[in-house]
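Trainee: There's a structure below that I have some questions on.
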Amino acid sequence: MPEAQSRVHAVGEFFELEPGQDLLDSPRYNDDIAPTRIKERTWNQWNVASLWVGMAICVPTYMLGGVLTAYFGLSVTEALWTIFFANIVLLIPLTLNAYPGTRYGIPCPVVLRASFGIVGSNVPALVRALVACGWFGVQTLFGGIAIHLLFSAISDDWAALGGTGEVIGFFIFWIANVTVVIRGSESIKHLEALAAPLLLAVAIALVFWALPKVSLSEVLATPATRPAGEPAFSYLMAALTAMVGFWATLSLNIPDFSRFANSQRSQIVGQIIGLPLTMFLFAGLGVLLTSASLELVGETISDPINLIGKIDNTVWVVLSMLIIILATISTNTAANIVSPTNSFQNIAPKYINQTKGVLLTGFLGILLMSWELLKKLGWLDSDISLESLYSNWLVGYSSLLGPIAGIMIVDYFVVRKQSFDLLALYMDNAGYPAWHIPGFVAFLVPVTLTISAIITGEGVFYDWFYSYGWFTGFFLGGVIYYFACRSGFSREYSDLAEGK
């Protein structure tokens, strides 16, 4: 039988919470979003690096070079350097926001309770969750296509199903993803450790397959597609914002994974090893293979699934599709299911556990991709392309997520000086307010400016606020939060400053 009162104790650089009856009765607590125990913090730097390799090697990463050249007017070389630099920039919020997760063992929505309030944390958590559900649908669609092509290589009857086969593949892939996450963090860790070396091997094999058919120097010399004479800066900054937006989601919910790290050094080194170079190389591979596809298969194809599906060798198609399916599962489970699952639990922990959160994420993913599924079944006619959808989505959503990342960092490192009341984060009226006004002021001001810039359109003097949305939102949100806390908006901040 648990003790009446919960206890928090320090173990080296970590804090551990021993739940008592007071915590078990709290409506803000359940076992799935509880702080990880010390024995559960088993991820070393290679596990963290494998997580990023598994997430970064995916179909959307492969297509990034094409998105930057087609929709942002960059040359191939500019696109690749933009991708690399964006991921160097992202390491800053990623490693900083991972700190409280590692130190206290808490997931992202619980970290947000400090800066937005115990109840208010649901707002930024759900903002993050919505885009994850959308990406879950997109990745599941790619996985379903891979399953369809796998079965088509084996059976002509299946190949004859066409779009219907892709929809069936979508739901097969959906079930596989949901099953992995329901099984817990250890299954994700083992999946990423298995996937990372296989994915790297496939990427290398594809390079050797393509290089004899294409001139690397000619590909890198492909000129920019923006109007001649236009200054490059605005195009580069818009592209950089979009690329930061690609993983801006993870810069918020990285505590969902860093809570399992065995040290701060492991999460920092693992992210440095796993993210920038993987993104750069796999996006570069996408540019190379898209350029080579005309020579290789007779038409220009911008995604690896359909490109490999054109190979006239059943064994290689089956093997490649199996690995692409594994790659997409490893990305989808970690990047797009864990975060919304925790966010949905944060709303009502006593009623929504991990299994229900995963299923809710999955069903929202189906709903958000329903238009594309209906197109494949021939029941809906639409000209919207996935590439245009997520290129616009990246910029727009990064504008909303930037302020949240800045607020989280300033709150933990500047306002609270790396100190949380761990027990109070899981209790009502125990030290943190239900709604923390400075967090919402700092969030809503940049978001209002962004939405105003979108509605007003080009020509307004602050239209750059949307184009550079993640950066403007990140810095403005952090600065406003700091001054809002100090100005008396937050009685809680005054108490902290006085050591109460």
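By convention in this document, the chains of the structure tokens carry letters A, B, ... by their order, each chain's residues are numbered from 1, and ligands are numbered from 1 in the order they are shown.
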From a DSSP calculation on the backbone, collect every residue of range 196-341 of chain A in alpha helix (DSSP H) and output the set as a VMD selection string.
Mentor: chain A and resid 196 to 210 216 to 220 232 to 253 255 to 258 264 to 274 276 to 297 304 to 309 314 to 332 338 to 341
Trainee: Store the residues picked out above, limited to C-alpha atoms, as a compact mmCIF listing (two decimals), in the first residue's frame.
Mentor:
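Writing the result to again23.txt gives the following:
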```
# COMPACT_ATOMS: atom_id res chain seq x y z
CA ALA A 196 19.25 2.82 -38.09
CA PRO A 197 22.00 0.58 -39.59
CA LEU A 198 19.62 -0.95 -42.14
CA LEU A 199 18.48 2.45 -43.31
CA LEU A 200 22.04 3.70 -43.67
CA ALA A 201 22.91 0.56 -45.69
CA VAL A 202 19.99 1.11 -48.06
CA ALA A 203 20.92 4.77 -48.53
CA ILE A 204 24.50 3.80 -49.46
CA ALA A 205 23.24 1.10 -51.86
CA LEU A 206 20.96 3.61 -53.60
CA VAL A 207 23.89 5.98 -54.08
CA PHE A 208 25.92 3.26 -55.80
CA TRP A 209 22.90 2.39 -57.93
CA ALA A 210 22.44 5.99 -59.10
CA LEU A 216 27.10 14.67 -59.40
CA SER A 217 28.74 17.93 -60.45
CA GLU A 218 25.93 18.68 -62.90
CA VAL A 219 23.30 17.98 -60.23
CA LEU A 220 25.00 20.31 -57.75
CA ALA A 232 18.57 35.48 -52.64
CA PHE A 233 18.20 36.49 -48.98
CA SER A 234 14.41 36.44 -48.68
CA TYR A 235 14.16 33.09 -50.47
CA LEU A 236 16.90 31.57 -48.32
CA MET A 237 15.31 32.79 -45.07
CA ALA A 238 11.87 31.50 -46.05
CA ALA A 239 13.41 28.15 -46.93
CA LEU A 240 15.43 28.11 -43.70
CA THR A 241 12.25 28.78 -41.70
CA ALA A 242 10.51 25.91 -43.45
CA MET A 243 13.39 23.53 -42.76
CA VAL A 244 13.50 24.53 -39.11
CA GLY A 245 9.76 23.90 -39.12
CA PHE A 246 10.40 20.33 -40.29
CA TRP A 247 11.65 19.35 -36.81
CA ALA A 248 10.31 22.34 -34.84
CA THR A 249 7.70 19.94 -33.53
CA LEU A 250 10.38 17.74 -31.92
CA SER A 251 12.08 20.79 -30.40
CA LEU A 252 8.97 21.02 -28.19
CA ASN A 253 8.32 17.41 -27.32
CA PRO A 255 11.36 15.67 -23.34
CA ASP A 256 9.08 12.76 -24.35
CA PHE A 257 12.32 10.94 -25.29
CA SER A 258 15.00 12.63 -23.20
CA GLN A 264 22.41 14.96 -20.08
CA ARG A 265 25.59 14.14 -21.99
CA SER A 266 23.84 11.21 -23.72
CA GLN A 267 20.96 13.31 -24.99
CA ILE A 268 23.25 16.13 -26.18
CA VAL A 269 25.89 13.96 -27.89
CA GLY A 270 23.26 11.62 -29.33
CA GLN A 271 21.38 14.48 -30.96
CA ILE A 272 24.55 16.05 -32.35
CA ILE A 273 25.60 12.71 -33.87
CA GLY A 274 22.19 11.71 -35.17
CA PRO A 276 22.35 17.26 -38.87
CA LEU A 277 24.48 14.90 -40.95
CA THR A 278 21.69 12.35 -41.44
CA MET A 279 19.30 15.01 -42.67
CA PHE A 280 21.90 16.51 -44.99
CA LEU A 281 22.97 13.20 -46.53
CA PHE A 282 19.51 11.71 -47.01
CA ALA A 283 18.09 14.93 -48.46
CA GLY A 284 21.14 15.02 -50.76
CA LEU A 285 20.42 11.45 -51.77
CA GLY A 286 16.88 12.52 -52.68
CA VAL A 287 18.20 15.28 -54.93
CA LEU A 288 20.65 12.87 -56.57
CA LEU A 289 18.14 10.09 -57.21
CA THR A 290 15.42 12.44 -58.44
CA SER A 291 17.89 13.84 -60.97
CA ALA A 292 18.95 10.32 -61.96
CA SER A 293 15.43 8.90 -62.15
CA LEU A 294 14.89 9.92 -65.79
CA GLU A 295 17.95 7.93 -66.82
CA LEU A 296 17.25 5.08 -64.41
CA VAL A 297 13.56 4.41 -65.09
CA PRO A 304 11.86 6.79 -53.31
CA ILE A 305 8.91 4.44 -52.92
CA ASN A 306 7.62 4.85 -56.46
CA LEU A 307 11.18 5.04 -57.82
CA ILE A 308 12.16 1.68 -56.30
CA GLY A 309 8.81 0.27 -57.42
CA THR A 314 11.25 -8.61 -57.78
CA VAL A 315 13.79 -9.58 -55.10
CA TRP A 316 15.27 -6.08 -54.86
CA VAL A 317 11.82 -4.45 -54.85
CA VAL A 318 10.58 -6.71 -52.05
CA LEU A 319 13.74 -6.22 -49.97
CA SER A 320 13.78 -2.45 -50.50
CA MET A 321 10.09 -2.08 -49.68
CA LEU A 322 10.50 -4.05 -46.45
CA ILE A 323 13.26 -1.68 -45.36
CA ILE A 324 11.29 1.42 -46.43
CA ILE A 325 8.33 0.13 -44.42
CA LEU A 326 10.65 -0.29 -41.42
CA ALA A 327 12.07 3.21 -42.01
CA THR A 328 8.65 4.80 -42.13
CA ILE A 329 7.46 2.95 -39.01
CA SER A 330 10.57 4.09 -37.12
CA THR A 331 9.88 7.70 -38.12
CA ASN A 332 6.17 7.61 -37.56
CA VAL A 338 4.38 9.62 -28.95
CA SER A 339 3.81 13.38 -28.66
CA PRO A 340 0.05 13.53 -29.32
CA THR A 341 -0.44 10.43 -27.17
```
Trainee: Find the residues around Ile437 in chain A up to 10 Å (only C-alpha atoms counted), leave out those fewer than 3 positions away in its own chain, and share them as a PyMOL selection string.
Mentor: chain A and resi 115-117+120+433-434+440-443+481+484-485+489-490
Trainee: Take the residues from that selection and write them out as an mmCIF file, in the first residue's frame, keeping C-alpha atoms.
Mentor:
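Writing the result to selection06.cif gives the following:
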```cif
data_model
loop_
_atom_site.group_PDB
_atom_site.id
_atom_site.type_symbol
_atom_site.label_atom_id
_atom_site.label_comp_id
_atom_site.auth_asym_id
_atom_site.auth_seq_id
_atom_site.Cartn_x
_atom_site.Cartn_y
_atom_site.Cartn_z
ATOM 1 C CA SER A 115 5.098 27.879 -18.272
ATOM 2 C CA PHE A 116 1.403 27.699 -19.274
ATOM 3 C CA GLY A 117 -0.272 26.393 -16.123
ATOM 4 C CA GLY A 120 -3.320 25.859 -19.674
ATOM 5 C CA PRO A 433 -1.528 28.085 -11.353
ATOM 6 C CA ALA A 434 -4.208 26.508 -13.515
ATOM 7 C CA PHE A 440 -0.325 32.970 -23.009
ATOM 8 C CA VAL A 441 0.660 36.615 -23.474
ATOM 9 C CA ALA A 442 4.038 35.543 -24.871
ATOM 10 C CA PHE A 443 2.380 32.969 -27.134
ATOM 11 C CA TYR A 481 7.608 35.776 -21.446
ATOM 12 C CA ALA A 484 5.745 39.376 -18.424
ATOM 13 C CA CYS A 485 6.984 37.237 -15.539
ATOM 14 C CA PHE A 489 1.713 39.265 -14.310
ATOM 15 C CA SER A 490 2.931 36.242 -12.383
#
```
Trainee: I need the residue nearest Pro438 in chain A from this list: A:Ser187, A:Ser487, A:Ser452, A:Thr179. Use only C-alpha atoms for the distance.
Mentor: A:Ser487
Trainee: Extract, using only C-alpha atoms, all DNA, RNA and protein residues at most 10 Å from Ile182 in chain A, discarding same-chain residues fewer than 6 positions from it, and format them as a list in words.
Mentor: Ile188, Thr333, Ile337, Val338, Thr341, Gln354, Thr355, Lys356, Gly357, Val358 and Leu359 of chain A
Trainee: For a test of reading the model, state the distance in Å between CA of Lys417 in chain A and CA of Leu275 in chain A, rounded to one decimal.
Mentor: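 Computing it gives 27.5 Å between the two atoms.
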Trainee: I'd like the neighbourhood of Phe260 in chain A as a list in words, where a residue qualifies if any of its atoms comes within 6 Å (using only C-alpha atoms), though same-chain residues fewer than 4 positions away should be ignored.
Mentor: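 Here the answer would be Arg41, Thr42 and Trp43 of chain A.
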Trainee: Please save C-alpha atoms of the selected residues as a short mmCIF file (atom, residue, chain, number, x, y, z; two decimals), in the first residue's frame.
Mentor:
```cif
data_model
loop_
_atom_site.label_atom_id
_atom_site.label_comp_id
_atom_site.auth_asym_id
_atom_site.auth_seq_id
_atom_site.Cartn_x
_atom_site.Cartn_y
_atom_site.Cartn_z
CA ARG A 41 16.38 5.87 -17.87
CA THR A 42 18.40 3.50 -20.03
CA TRP A 43 18.95 5.33 -23.34
#
```
Trainee: Rounded to one decimal place, report the CA of Tyr482 in chain A-CA of Gln418 in chain A distance in Å.
Mentor: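 Computed distance, CA of Tyr482 in chain A to CA of Gln418 in chain A, equals 14.7 Å.
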Trainee: In terms of the shortest atom-to-atom distance over only C-alpha atoms, which of A:Thr222, A:Thr456, A:Thr448, A:Asn30 is closest to Gly473 in chain A?
Mentor: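 Among the listed residues, A:Thr448 lies closest to Gly473 in chain A.
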Trainee: Using only C-alpha atoms, which of the listed residues (A:Ala224, A:Ala159, A:Ala114, A:Ala195) sits closest to Phe72 in chain A?
Mentor: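 For Phe72 in chain A, the nearest of the candidates is A:Ala224.
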Trainee: Please determine, counting only C-alpha atoms, which residue among A:Leu74, A:Ile254, A:Val180, A:Val111 has the shortest atom-to-atom distance to Pro227 in chain A.
Mentor: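 Of A:Leu74, A:Ile254, A:Val180, A:Val111, the one nearest Pro227 in chain A is A:Leu74, counting only C-alpha atoms.
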Trainee: Which is closest to Asp411 in chain A among A:Trp81, A:Phe483, A:Tyr71, A:Phe173, if we use only C-alpha atoms?
Mentor: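 That would be A:Phe483, the residue with the smallest distance to Asp411 in chain A.
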Trainee: I need the residue nearest His9 in chain A from this list: A:Tyr104, A:Phe151, A:Tyr412, A:Phe344. Use only C-alpha atoms for the distance.
Mentor: A:Tyr104
Trainee: So what do you get for CA of Thr36 in chain A versus CA of Asn262 in chain A, distance-wise?
Mentor: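 Between these atoms lies a distance of 11.0 Å.
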